[in-house]
Structures are given as C-alpha cells and as structure tokens.
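Source file model30.txt; content: compact mmCIF, C-alpha atoms and all ligand atoms.
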# COMPACT_ATOMS: atom_id res chain seq x y z
CA MET A 300 0.00 0.00 0.00
CA SER A 301 1.43 3.34 -1.02
CA SER A 302 0.97 6.40 1.17
CA ASP A 303 2.68 8.74 -1.27
CA LYS A 304 1.04 12.14 -1.16
CA SER A 305 3.62 13.89 -3.38
CA PRO A 306 2.42 14.92 -6.83
CA GLN A 307 3.68 12.28 -9.27
CA SER A 308 3.29 13.40 -12.83
CA ASP A 309 3.21 11.25 -15.96
CA LEU A 310 2.47 13.72 -18.70
CA HIS A 311 2.06 11.30 -21.64
CA GLY A 312 3.82 13.83 -23.92
CA LEU A 313 1.54 16.74 -22.94
CA ASP A 314 2.76 20.30 -22.48
CA PRO A 315 2.59 20.95 -18.71
CA ALA A 316 2.15 24.69 -19.31
CA LYS A 317 -1.04 24.18 -21.31
CA LEU A 318 -2.96 21.65 -19.25
CA PRO A 319 -6.63 22.39 -18.58
CA ALA A 320 -7.25 23.29 -14.94
CA HIS A 321 -10.70 21.73 -15.12
CA VAL A 322 -12.08 18.95 -17.31
CA ALA A 323 -15.81 18.18 -17.21
CA VAL A 324 -17.25 15.02 -18.73
CA ILE A 325 -20.73 14.00 -19.88
CA MET A 326 -20.39 10.22 -19.63
CA ASP A 327 -22.85 8.88 -22.18
CA GLY A 328 -23.41 5.58 -23.96
CA ASN A 329 -23.49 2.98 -21.18
CA GLY A 330 -26.89 1.72 -22.36
CA ARG A 331 -25.85 1.44 -26.02
CA TRP A 332 -22.60 -0.29 -25.05
CA ALA A 333 -24.64 -2.95 -23.24
CA GLN A 334 -27.30 -3.19 -25.96
CA LYS A 335 -24.64 -3.91 -28.60
CA ARG A 336 -23.56 -6.90 -26.51
CA LEU A 337 -27.10 -8.05 -25.71
CA LEU A 338 -26.44 -7.24 -22.05
CA SER A 339 -28.66 -5.38 -19.60
CA ARG A 340 -28.20 -1.60 -19.37
CA ILE A 341 -27.02 -2.15 -15.81
CA LYS A 342 -23.99 -4.09 -17.11
CA GLY A 343 -23.21 -1.00 -19.19
CA HIS A 344 -23.24 1.17 -16.09
CA GLU A 345 -20.99 -1.35 -14.30
CA LYS A 346 -18.47 -1.17 -17.13
CA GLY A 347 -18.91 2.62 -17.09
CA SER A 348 -17.79 2.69 -13.44
CA GLU A 349 -14.49 1.15 -14.51
CA ALA A 350 -14.02 3.93 -17.08
CA VAL A 351 -14.64 6.42 -14.24
CA ARG A 352 -11.74 4.90 -12.32
CA THR A 353 -9.46 5.07 -15.39
CA VAL A 354 -10.19 8.73 -16.09
CA VAL A 355 -9.76 9.74 -12.45
CA ARG A 356 -6.42 7.92 -12.32
CA THR A 357 -5.25 9.51 -15.58
CA CYS A 358 -6.17 13.03 -14.42
CA ARG A 359 -4.24 12.41 -11.24
CA GLU A 360 -1.19 11.10 -13.11
CA ILE A 361 -1.12 14.02 -15.51
CA GLY A 362 -1.73 16.61 -12.81
CA ILE A 363 -5.08 18.07 -13.86
CA PRO A 364 -6.42 19.69 -10.68
CA HIS A 365 -10.20 19.51 -11.32
CA LEU A 366 -12.36 16.79 -12.84
CA THR A 367 -16.17 16.96 -12.85
CA LEU A 368 -18.22 13.95 -13.92
CA TYR A 369 -21.93 14.02 -14.81
CA ALA A 370 -22.91 10.84 -12.99
CA PHE A 371 -26.67 11.33 -12.49
CA SER A 372 -28.93 14.08 -13.78
CA THR A 373 -32.18 15.41 -12.34
CA GLU A 374 -33.84 13.85 -15.42
CA ASN A 375 -32.29 10.42 -14.70
CA TRP A 376 -34.76 9.93 -11.79
CA GLN A 377 -37.35 9.22 -14.48
CA ARG A 378 -35.55 6.07 -15.69
CA PRO A 379 -37.00 2.65 -14.78
CA ARG A 380 -36.83 2.05 -11.03
CA ALA A 381 -34.50 -0.97 -11.37
CA GLU A 382 -32.00 1.10 -13.37
CA VAL A 383 -32.07 3.99 -10.89
CA GLU A 384 -31.57 1.54 -8.02
CA ALA A 385 -28.68 -0.17 -9.80
CA LEU A 386 -27.02 3.21 -10.43
CA MET A 387 -27.38 4.08 -6.74
CA VAL A 388 -25.80 0.74 -5.75
CA LEU A 389 -22.90 1.35 -8.13
CA LEU A 390 -22.44 4.85 -6.84
CA LYS A 391 -22.34 3.71 -3.23
CA LYS A 392 -19.89 0.94 -4.12
CA PHE A 393 -17.65 3.47 -5.85
CA LEU A 394 -17.78 5.87 -2.90
CA VAL A 395 -16.89 3.20 -0.36
CA LYS A 396 -14.39 1.24 -2.46
CA GLU A 397 -12.46 4.23 -3.78
CA ARG A 398 -12.18 6.02 -0.44
CA GLN A 399 -8.83 4.44 0.48
CA ASP A 400 -7.43 4.98 -3.01
CA MET A 401 -8.49 8.63 -2.93
CA MET A 402 -6.57 9.02 0.33
CA GLU A 403 -3.49 7.33 -1.11
CA LYS A 404 -3.63 9.43 -4.27
CA ASN A 405 -4.40 12.71 -2.46
CA ILE A 406 -7.78 13.11 -4.22
CA ARG A 407 -10.53 15.23 -2.71
CA LEU A 408 -14.14 14.38 -3.44
CA GLY A 409 -16.85 16.97 -3.89
CA THR A 410 -20.36 16.98 -5.28
CA ILE A 411 -22.83 19.28 -7.03
CA GLY A 412 -26.56 18.74 -7.33
CA GLN A 413 -29.63 18.02 -5.22
CA THR A 414 -27.85 15.44 -3.10
CA ASP A 415 -30.68 15.51 -0.54
CA ARG A 416 -32.69 13.48 -3.10
CA LEU A 417 -30.24 10.56 -2.94
CA PRO A 418 -31.15 7.50 -0.85
CA GLU A 419 -30.01 7.81 2.77
CA ASP A 420 -27.26 5.16 2.54
CA VAL A 421 -25.78 6.67 -0.63
CA ARG A 422 -25.85 10.16 0.89
CA GLU A 423 -24.12 8.85 3.97
CA ALA A 424 -21.36 7.18 1.92
CA LEU A 425 -21.02 10.37 -0.11
CA LEU A 426 -20.74 12.64 2.94
CA GLN A 427 -18.28 10.31 4.59
CA THR A 428 -15.99 10.19 1.55
CA ILE A 429 -16.22 13.97 1.17
CA ASP A 430 -15.37 14.32 4.83
CA VAL A 431 -12.36 11.99 4.95
CA THR A 432 -10.86 13.37 1.72
CA ARG A 433 -11.39 17.01 2.75
CA GLY A 434 -7.67 17.73 3.28
CA ASN A 435 -6.49 16.25 -0.04
CA THR A 436 -5.04 18.62 -2.59
CA ALA A 437 -3.81 16.95 -5.80
CA LEU A 438 -7.12 16.49 -7.61
CA GLN A 439 -10.62 17.70 -6.83
CA LEU A 440 -13.04 15.10 -8.19
CA THR A 441 -16.57 16.49 -8.35
CA LEU A 442 -19.49 14.16 -8.98
CA ALA A 443 -22.61 15.80 -10.39
CA LEU A 444 -25.40 13.85 -8.67
CA SER A 445 -29.06 14.58 -9.17
CA TYR A 446 -27.68 17.58 -10.99
CA GLY A 447 -29.46 19.85 -13.44
CA SER A 448 -28.05 23.17 -14.52
CA ARG A 449 -31.40 24.94 -14.78
CA ASN A 450 -32.28 23.76 -11.30
CA GLU A 451 -28.91 25.06 -10.06
CA ILE A 452 -29.57 28.45 -11.66
CA CYS A 453 -33.09 28.57 -10.12
CA GLN A 454 -31.75 27.91 -6.63
CA ALA A 455 -29.08 30.58 -7.16
CA MET A 456 -31.73 33.11 -8.27
CA ARG A 457 -33.87 32.29 -5.22
CA ALA A 458 -30.90 32.76 -2.88
CA ILE A 459 -29.99 36.08 -4.52
CA ALA A 460 -33.61 37.27 -4.26
CA ALA A 461 -33.70 36.25 -0.59
CA ASP A 462 -30.50 38.23 0.07
CA ILE A 463 -32.01 41.26 -1.66
CA ASP A 464 -35.23 40.89 0.40
CA ALA A 465 -33.15 40.73 3.57
CA GLY A 466 -31.24 43.85 2.58
CA ARG A 467 -27.91 42.02 2.31
CA LEU A 468 -27.66 42.75 -1.40
CA GLN A 469 -28.91 45.27 -3.95
CA ALA A 470 -30.08 44.48 -7.47
CA ALA A 471 -27.24 46.65 -8.79
CA ASP A 472 -24.73 44.27 -7.12
CA ILE A 473 -25.66 41.46 -9.50
CA ASP A 474 -22.87 40.71 -11.93
CA GLU A 475 -21.33 37.55 -13.41
CA LYS A 476 -18.99 37.02 -10.47
CA LEU A 477 -21.83 37.31 -7.98
CA ILE A 478 -24.01 34.81 -9.86
CA SER A 479 -21.08 32.35 -10.10
CA GLY A 480 -20.74 32.67 -6.33
CA TYR A 481 -24.29 31.40 -5.78
CA LEU A 482 -23.90 28.28 -7.93
CA PHE A 483 -23.02 24.79 -6.61
CA THR A 484 -19.69 25.24 -8.42
CA ARG A 485 -18.67 28.37 -6.50
CA HIS A 486 -15.47 26.72 -5.22
CA ILE A 487 -14.28 25.35 -8.57
CA PRO A 488 -13.09 27.15 -11.70
CA ASP A 489 -15.17 27.01 -14.89
CA PRO A 490 -14.26 24.00 -17.08
CA ASP A 491 -11.60 24.61 -19.72
CA LEU A 492 -12.58 21.45 -21.54
CA LEU A 493 -15.93 19.65 -21.81
CA ILE A 494 -15.88 16.11 -23.17
CA ARG A 495 -19.00 14.20 -24.20
CA THR A 496 -18.89 10.56 -25.20
CA SER A 497 -21.25 8.58 -27.49
CA GLY A 498 -21.41 11.20 -30.24
CA GLU A 499 -24.52 13.08 -29.13
CA MET A 500 -24.28 16.77 -29.98
CA ARG A 501 -25.96 18.21 -26.90
CA ILE A 502 -25.25 19.59 -23.47
CA SER A 503 -28.11 17.90 -21.57
CA ASN A 504 -28.56 20.53 -18.86
CA PHE A 505 -24.93 20.28 -17.67
CA LEU A 506 -23.05 23.35 -16.35
CA LEU A 507 -24.83 25.73 -18.74
CA TRP A 508 -23.48 28.88 -17.08
CA GLN A 509 -20.00 27.50 -16.43
CA ILE A 510 -19.17 26.26 -19.96
CA ALA A 511 -19.54 29.69 -21.60
CA TYR A 512 -15.91 29.57 -22.80
CA SER A 513 -15.10 25.86 -22.49
CA GLU A 514 -13.57 24.01 -25.40
CA ILE A 515 -15.92 21.20 -26.38
CA PHE A 516 -14.86 17.76 -27.59
CA ILE A 517 -17.42 15.17 -28.63
CA THR A 518 -16.21 11.64 -29.27
CA PRO A 519 -18.27 8.79 -30.78
CA THR A 520 -16.74 6.38 -28.26
CA LEU A 521 -19.29 4.93 -25.84
CA TRP A 522 -18.39 5.75 -22.23
CA PRO A 523 -17.46 2.18 -21.13
CA ASP A 524 -14.87 2.08 -23.96
CA PHE A 525 -13.36 5.44 -23.05
CA GLY A 526 -9.79 4.96 -21.85
CA ALA A 527 -6.57 6.74 -20.98
CA ASP A 528 -5.20 6.77 -24.56
CA GLU A 529 -8.23 8.55 -25.96
CA PHE A 530 -8.31 10.95 -23.01
CA VAL A 531 -4.68 11.91 -23.70
CA ARG A 532 -5.44 12.37 -27.44
CA ILE A 533 -8.27 14.75 -26.53
CA LEU A 534 -5.98 16.67 -24.17
CA LYS A 535 -3.44 16.99 -27.01
CA ASP A 536 -6.19 18.33 -29.27
CA PHE A 537 -7.14 20.79 -26.51
CA GLN A 538 -3.52 21.96 -26.33
CA SER A 539 -3.48 22.60 -30.08
CA ARG A 540 -6.54 24.87 -29.95
CA GLN A 541 -6.29 28.62 -29.79
CA ARG A 542 -8.60 29.97 -27.10
CA ARG A 543 -9.67 33.51 -27.81
CA PHE A 544 -12.50 34.12 -25.32
CA GLY A 545 -14.31 36.22 -27.93
CA GLN A 546 -11.27 38.36 -28.69
CA VAL A 547 -8.91 38.39 -31.67
CA ALA A 548 -5.74 36.30 -31.62
C1 LIG B 601 -25.31 7.71 -19.53
O1 LIG B 601 -25.42 6.52 -20.28
C2 LIG B 601 -24.78 7.43 -18.23
C3 LIG B 601 -25.45 7.62 -17.05
C4 LIG B 601 -26.84 8.10 -17.01
C5 LIG B 601 -24.88 7.32 -15.76
C6 LIG B 601 -23.40 7.43 -15.64
C7 LIG B 601 -22.98 6.46 -14.63
C8 LIG B 601 -21.80 5.80 -14.62
C9 LIG B 601 -20.74 6.06 -15.58
C10 LIG B 601 -21.53 4.72 -13.62
C11 LIG B 601 -21.70 5.09 -12.19
C12 LIG B 601 -21.01 6.33 -11.80
C13 LIG B 601 -20.02 6.42 -10.89
C14 LIG B 601 -19.46 7.74 -10.55
C15 LIG B 601 -19.46 5.26 -10.21
P1 LIG B 601 -26.85 6.11 -20.84
O2 LIG B 601 -27.40 5.10 -19.90
O3 LIG B 601 -27.69 7.32 -21.05
O4 LIG B 601 -26.45 5.48 -22.21
P2 LIG B 601 -27.36 5.42 -23.53
O5 LIG B 601 -27.53 6.85 -23.98
O6 LIG B 601 -26.51 4.62 -24.47
O7 LIG B 601 -28.64 4.76 -23.16

What does the file become when written as structure tokens?
Ligand code: FPP
Amino acid sequence: MSSDKSPQSDLHGLDPAKLPAHVAVIMDGNGRWAQKRLLSRIKGHEKGSEAVRTVVRTCREIGIPHLTLYAFSTENWQRPRAEVEALMVLLKKFLVKERQDMMEKNIRLGTIGQTDRLPEDVREALLQTIDVTRGNTALQLTLALSYGSRNEICQAMRAIAADIDAGRLQAADIDEKLISGYLFTRHIPDPDLLIRTSGEMRISNFLLWQIAYSEIFITPTLWPDFGADEFVRILKDFQSRQRRFGQVA
C-alpha cells in the first residue's frame, strides 16, 4: 500500500504549461454499449464505473487539478426504477471502495446537485468520503449527482432574491462574479474542456453557465470504452486549440 502524497506526474507527452485546470465530462453511452452486446443496461453502467476509475487515475497522473463527472442528472430519476436503483448501488460501491485509493492518491471528493434526493445510505457514503478526503489537494473530483443546470440556476436566483429581500444585497450588485458565487460550483473554476462521449451533440442541462468559454470535444466512443489513450489524445487536441475568449488572436 502506497501512502505517497507527493504529486507524481506522468504527462504522456503533454505540455505541462497548457494543461486544462478543469475537465468536465458527460459520460454517455453505457446503455448502447450494453445493448450492442445483448447485455442489460445495468452491465453497461458497471463497465462505465471502470471507465470512471481510469479517467480519475489519468487526471491524477497528468496533474489536472479539477475533474467533474456528470454521474446522475435530475432527469435520470425518471428512468425505470431498477436502473435507478442499480445506479445508486454502483455509486455507493464506488464511494466506499475508492475512499482508500483517494486518500493514497491525495484526491478530494466533492459533489454538485440536489444530493438531498439521494437514498439515505448513498448520501451517507457520499458525505463520509467527502469528509475523509477534505484535506487532499492533488485532484478535486466532483461528482454531479441529481444535478441539473437549470435547477442550479433557479436555486441561485432564489438565494440572490432572498438576500435582496433581507437587505444584504442590492439588485445593482448582481454581476457575473456574484451569480457564479451562488452556484453549486462556487469553489471550482469554470471548465476549460468539456468532453462528451457517445457522439450526441448536446449539453443535456450540464453546467450551462459555467461552460460559456469551455472548449468542447465530442467523441463517438461509448463511455465504457473510453480509456486513458483517448483521453490523452483529446488533451493533445485541446492543447493545439487557440482559445480567444471572444477576442482576436
Ligand atoms: C449515460 O449513459 C450514463 C449515465 C446516465 C450514468 C453514468 C454512470 C456511470 C458512468 C456509472 C456510475 C457512476 C459512478 C461515478 C461510479 P446512458 O445510460 O444514457 O447510455 P445510452 O444513452 O446509451 O442509453
């Protein structure tokens, strides 16, 4: 068992000066991966959990400080009950099983979303892993759970309105920085790179405010087949892009 907390970096040929500070991922295609193999969708999610581990490990190796994964959306509650239950079981397993590894690899866990909607045992495992990894500093892994961007923006607007009602804030104080400070993501930078697997050309209610200037990469690969090599290729593509933030080069 390693207790190494020092940052070990394996850059896979990437330029360390141009690494994204935050990568966000829409993990899509578990169901289709399973369907193609005549397996149940749940098997697809199981295989998808392994891809989660690979991407977390690769981020840690390379030295990317923030990774946010869209693990369960507010809309996903409407899936068949057996599938929702299986996803919750997988999530809990991940949270318990990976706790030790997160400690060894200096990874801090965080979450965004309506986590009060999660089953009690999953919420407990989540809070415990967040708590024990609180002091870790090499990688902040954020799981979006019961997350929907429009819902996040609504709760931010309600909180801002309440602060105005209470006299703590004036309408004229509202600017982009203030709104960002009321979102679930207030402690993490906006994503530099958004990856979506399975080829779908949509954002699916994920980080709508935060991805205003993110580079977007959509790969046809189904999430369970997504591995370190492809992740590194995407990071190389990111490094070759010229980011202009609406200005001229
Ligand atoms: C989308 O695939 C994926 C999800 C709704 C859930 C993502 C969950 C995991 C990757 C596994 C559990 C997560 C963790 C963090 C351990 P889909 O089912 O929509 O695929 P389809 O579009 O092909 O049907």

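For the atom pair formed by atom CA of A:Asp474 and atom CA of A:Gln546, the distance is 20.5 Å, given to one decimal.
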
Check: Which polymer residues have any atom within 9 Å of an atom of stretch 438-454 of chain A, counting only C-alpha atoms, with same-chain residues fewer than 3 positions away left out, as a ChimeraX atom specification?
Finding: /A:355,358-359,362-376,404-417,435,457-459,478,481-483,487,503-508

Item checked: Distance in Å - atom CA of A:Arg501 versus atom CA of A:Leu389 ->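 The value is 25.4 Å.
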
Notebook entry, point to check: Can you tell me, as a ChimeraX atom specification, what residues are no more than 8 Å from A:Leu310 when counting only C-alpha atoms, ignoring any on the same chain fewer than 3 positions away?
Noted result: /A:313-315,360-362

Check: If you count all atoms listed in the file, which residues fall within 8 Å of stretch 510-512 of chain A, apart from same-chain ones fewer than 5 positions away, as a ChimeraX atom specification?
Finding: /A:489-491,493,544

Checklist line | atom CA of A:Asp400 to atom O2 of ligand LIG 601 (chain B), straight-line distance in Å | finding: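 Computed distance, atom O2 of ligand LIG 601 (chain B) to atom CA of A:Asp400, equals 26.2 Å.
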
Next item on the list: For A:Ala470, list every protein, DNA or RNA residue within 12 Å, evaluated using only C-alpha atoms, and leave out those in the same chain fewer than 6 positions away; present the list as a PyMOL selection string.
Entry: chain A and resi 456+459-464+477-478

Resulting file, chosen residues, C-alpha atoms, as a short mmCIF file (atom, residue, chain, number, x, y, z; two decimals), in the frame of the given file:
data_model
loop_
_atom_site.label_atom_id
_atom_site.label_comp_id
_atom_site.auth_asym_id
_atom_site.auth_seq_id
_atom_site.Cartn_x
_atom_site.Cartn_y
_atom_site.Cartn_z
CA MET A 456 -31.73 33.11 -8.27
CA ILE A 459 -29.99 36.08 -4.52
CA ALA A 460 -33.61 37.27 -4.26
CA ALA A 461 -33.70 36.25 -0.59
CA ASP A 462 -30.50 38.23 0.07
CA ILE A 463 -32.01 41.26 -1.66
CA ASP A 464 -35.23 40.89 0.40
CA LEU A 477 -21.83 37.31 -7.98
CA ILE A 478 -24.01 34.81 -9.86
#

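Proximity of A:Thr520, A:Ser539, A:Ser348, A:Thr436 to ligand LIG 601 (chain B), computed with all atoms listed in the file, is greatest for A:Ser348.
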
List every residue of chain A that has an atom at most 6 Å from any atom of ligand LIG 601 (chain B), and for each one report the closest atom pair and its distance in Å to one decimal, counting only C-alpha atoms and all ligand atoms, with rows sorted by chain and then by increasing residue number, as CSV.
residue,atom,partner,partner_atom,distance
A:Met326,CA,B:LIG601,C2,5.4
A:Asp327,CA,B:LIG601,C1,3.8
A:Gly328,CA,B:LIG601,O6,3.3
A:Asn329,CA,B:LIG601,O4,4.0
A:Gly330,CA,B:LIG601,O7,3.6
A:Arg331,CA,B:LIG601,O6,3.6
A:His344,CA,B:LIG601,C10,4.7
A:Gly347,CA,B:LIG601,C9,4.2
A:Ser348,CA,B:LIG601,C10,4.3
A:Ala370,CA,B:LIG601,C6,4.3
A:Phe371,CA,B:LIG601,C5,5.5
A:Leu386,CA,B:LIG601,C11,5.9
A:Leu389,CA,B:LIG601,C15,5.6
A:Leu390,CA,B:LIG601,C15,4.5
A:Phe393,CA,B:LIG601,C15,5.0

Check: For A:Glu382, which residue among A:Leu425, A:Val351, A:Ile473, A:Ile341 is the nearest when counting all atoms listed in the file?
Finding: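 Nearest candidate to A:Glu382 out of A:Leu425, A:Val351, A:Ile473, A:Ile341: A:Ile341.
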
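For the residues A:Glu514, A:Pro523, A:Gly343, A:Arg352, ranking by smallest atom-to-atom distance to A:Arg542 using only C-alpha atoms places A:Glu514 first.
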
Could stretch 474-501 of chain A be completed with N, CA and C atoms and written as a PDB file, in the frame of the given file, please?
ATOM      1  N   ASP A 474     -23.706  40.807 -10.731  1.00  0.00           N
ATOM      2  CA  ASP A 474     -22.870  40.710 -11.930  1.00  0.00           C
ATOM      3  C   ASP A 474     -22.475  39.235 -12.109  1.00  0.00           C
ATOM      4  N   GLU A 475     -21.658  38.956 -13.100  1.00  0.00           N
ATOM      5  CA  GLU A 475     -21.330  37.550 -13.410  1.00  0.00           C
ATOM      6  C   GLU A 475     -20.634  36.870 -12.224  1.00  0.00           C
ATOM      7  N   LYS A 476     -19.746  37.612 -11.582  1.00  0.00           N
ATOM      8  CA  LYS A 476     -18.990  37.020 -10.470  1.00  0.00           C
ATOM      9  C   LYS A 476     -19.938  36.668  -9.323  1.00  0.00           C
ATOM     10  N   LEU A 477     -20.887  37.560  -9.076  1.00  0.00           N
ATOM     11  CA  LEU A 477     -21.830  37.310  -7.980  1.00  0.00           C
ATOM     12  C   LEU A 477     -22.677  36.072  -8.283  1.00  0.00           C
ATOM     13  N   ILE A 478     -23.183  35.988  -9.505  1.00  0.00           N
ATOM     14  CA  ILE A 478     -24.010  34.810  -9.860  1.00  0.00           C
ATOM     15  C   ILE A 478     -23.171  33.530  -9.716  1.00  0.00           C
ATOM     16  N   SER A 479     -21.944  33.546 -10.229  1.00  0.00           N
ATOM     17  CA  SER A 479     -21.080  32.350 -10.100  1.00  0.00           C
ATOM     18  C   SER A 479     -20.939  31.937  -8.634  1.00  0.00           C
ATOM     19  N   GLY A 480     -20.910  32.927  -7.758  1.00  0.00           N
ATOM     20  CA  GLY A 480     -20.740  32.670  -6.330  1.00  0.00           C
ATOM     21  C   GLY A 480     -21.950  32.049  -5.656  1.00  0.00           C
ATOM     22  N   TYR A 481     -23.082  32.025  -6.349  1.00  0.00           N
ATOM     23  CA  TYR A 481     -24.290  31.400  -5.780  1.00  0.00           C
ATOM     24  C   TYR A 481     -24.547  30.012  -6.372  1.00  0.00           C
ATOM     25  N   LEU A 482     -23.697  29.590  -7.304  1.00  0.00           N
ATOM     26  CA  LEU A 482     -23.900  28.280  -7.930  1.00  0.00           C
ATOM     27  C   LEU A 482     -23.237  27.177  -7.094  1.00  0.00           C
ATOM     28  N   PHE A 483     -23.657  25.916  -7.326  1.00  0.00           N
ATOM     29  CA  PHE A 483     -23.020  24.790  -6.610  1.00  0.00           C
ATOM     30  C   PHE A 483     -21.515  24.791  -6.844  1.00  0.00           C
ATOM     31  N   THR A 484     -21.098  25.316  -7.996  1.00  0.00           N
ATOM     32  CA  THR A 484     -19.690  25.240  -8.420  1.00  0.00           C
ATOM     33  C   THR A 484     -18.852  26.403  -7.904  1.00  0.00           C
ATOM     34  N   ARG A 485     -19.372  27.132  -6.898  1.00  0.00           N
ATOM     35  CA  ARG A 485     -18.670  28.370  -6.500  1.00  0.00           C
ATOM     36  C   ARG A 485     -17.209  28.158  -6.109  1.00  0.00           C
ATOM     37  N   HIS A 486     -16.854  26.934  -5.660  1.00  0.00           N
ATOM     38  CA  HIS A 486     -15.470  26.720  -5.220  1.00  0.00           C
ATOM     39  C   HIS A 486     -14.576  26.123  -6.307  1.00  0.00           C
ATOM     40  N   ILE A 487     -15.132  25.931  -7.518  1.00  0.00           N
ATOM     41  CA  ILE A 487     -14.280  25.350  -8.570  1.00  0.00           C
ATOM     42  C   ILE A 487     -14.279  26.248  -9.807  1.00  0.00           C
ATOM     43  N   PRO A 488     -13.144  26.279 -10.516  1.00  0.00           N
ATOM     44  CA  PRO A 488     -13.090  27.150 -11.700  1.00  0.00           C
ATOM     45  C   PRO A 488     -14.001  26.615 -12.809  1.00  0.00           C
ATOM     46  N   ASP A 489     -14.373  27.472 -13.751  1.00  0.00           N
ATOM     47  CA  ASP A 489     -15.170  27.010 -14.890  1.00  0.00           C
ATOM     48  C   ASP A 489     -14.350  25.983 -15.691  1.00  0.00           C
ATOM     49  N   PRO A 490     -15.025  25.007 -16.311  1.00  0.00           N
ATOM     50  CA  PRO A 490     -14.260  24.000 -17.080  1.00  0.00           C
ATOM     51  C   PRO A 490     -13.548  24.637 -18.273  1.00  0.00           C
ATOM     52  N   ASP A 491     -12.313  24.208 -18.505  1.00  0.00           N
ATOM     53  CA  ASP A 491     -11.600  24.610 -19.720  1.00  0.00           C
ATOM     54  C   ASP A 491     -11.989  23.697 -20.867  1.00  0.00           C
ATOM     55  N   LEU A 492     -12.304  22.461 -20.516  1.00  0.00           N
ATOM     56  CA  LEU A 492     -12.580  21.450 -21.540  1.00  0.00           C
ATOM     57  C   LEU A 492     -13.798  20.634 -21.111  1.00  0.00           C
ATOM     58  N   LEU A 493     -14.759  20.509 -22.043  1.00  0.00           N
ATOM     59  CA  LEU A 493     -15.930  19.650 -21.810  1.00  0.00           C
ATOM     60  C   LEU A 493     -15.874  18.513 -22.819  1.00  0.00           C
ATOM     61  N   ILE A 494     -15.899  17.296 -22.308  1.00  0.00           N
ATOM     62  CA  ILE A 494     -15.880  16.110 -23.170  1.00  0.00           C
ATOM     63  C   ILE A 494     -17.240  15.437 -23.075  1.00  0.00           C
ATOM     64  N   ARG A 495     -17.794  15.029 -24.233  1.00  0.00           N
ATOM     65  CA  ARG A 495     -19.000  14.200 -24.200  1.00  0.00           C
ATOM     66  C   ARG A 495     -18.735  12.949 -25.020  1.00  0.00           C
ATOM     67  N   THR A 496     -19.054  11.818 -24.459  1.00  0.00           N
ATOM     68  CA  THR A 496     -18.890  10.560 -25.200  1.00  0.00           C
ATOM     69  C   THR A 496     -20.206  10.199 -25.878  1.00  0.00           C
ATOM     70  N   SER A 497     -20.128   9.218 -26.777  1.00  0.00           N
ATOM     71  CA  SER A 497     -21.250   8.580 -27.490  1.00  0.00           C
ATOM     72  C   SER A 497     -21.790   9.414 -28.657  1.00  0.00           C
ATOM     73  N   GLY A 498     -21.099  10.481 -29.006  1.00  0.00           N
ATOM     74  CA  GLY A 498     -21.410  11.200 -30.240  1.00  0.00           C
ATOM     75  C   GLY A 498     -22.613  12.115 -30.241  1.00  0.00           C
ATOM     76  N   GLU A 499     -23.330  12.203 -29.143  1.00  0.00           N
ATOM     77  CA  GLU A 499     -24.520  13.080 -29.130  1.00  0.00           C
ATOM     78  C   GLU A 499     -24.068  14.536 -29.056  1.00  0.00           C
ATOM     79  N   MET A 500     -24.696  15.367 -29.895  1.00  0.00           N
ATOM     80  CA  MET A 500     -24.280  16.770 -29.980  1.00  0.00           C
ATOM     81  C   MET A 500     -25.161  17.633 -29.083  1.00  0.00           C
ATOM     82  N   ARG A 501     -25.164  17.359 -27.805  1.00  0.00           N
ATOM     83  CA  ARG A 501     -25.960  18.210 -26.900  1.00  0.00           C
ATOM     84  C   ARG A 501     -25.321  18.311 -25.530  1.00  0.00           C
TER      85      ARG A 501
END
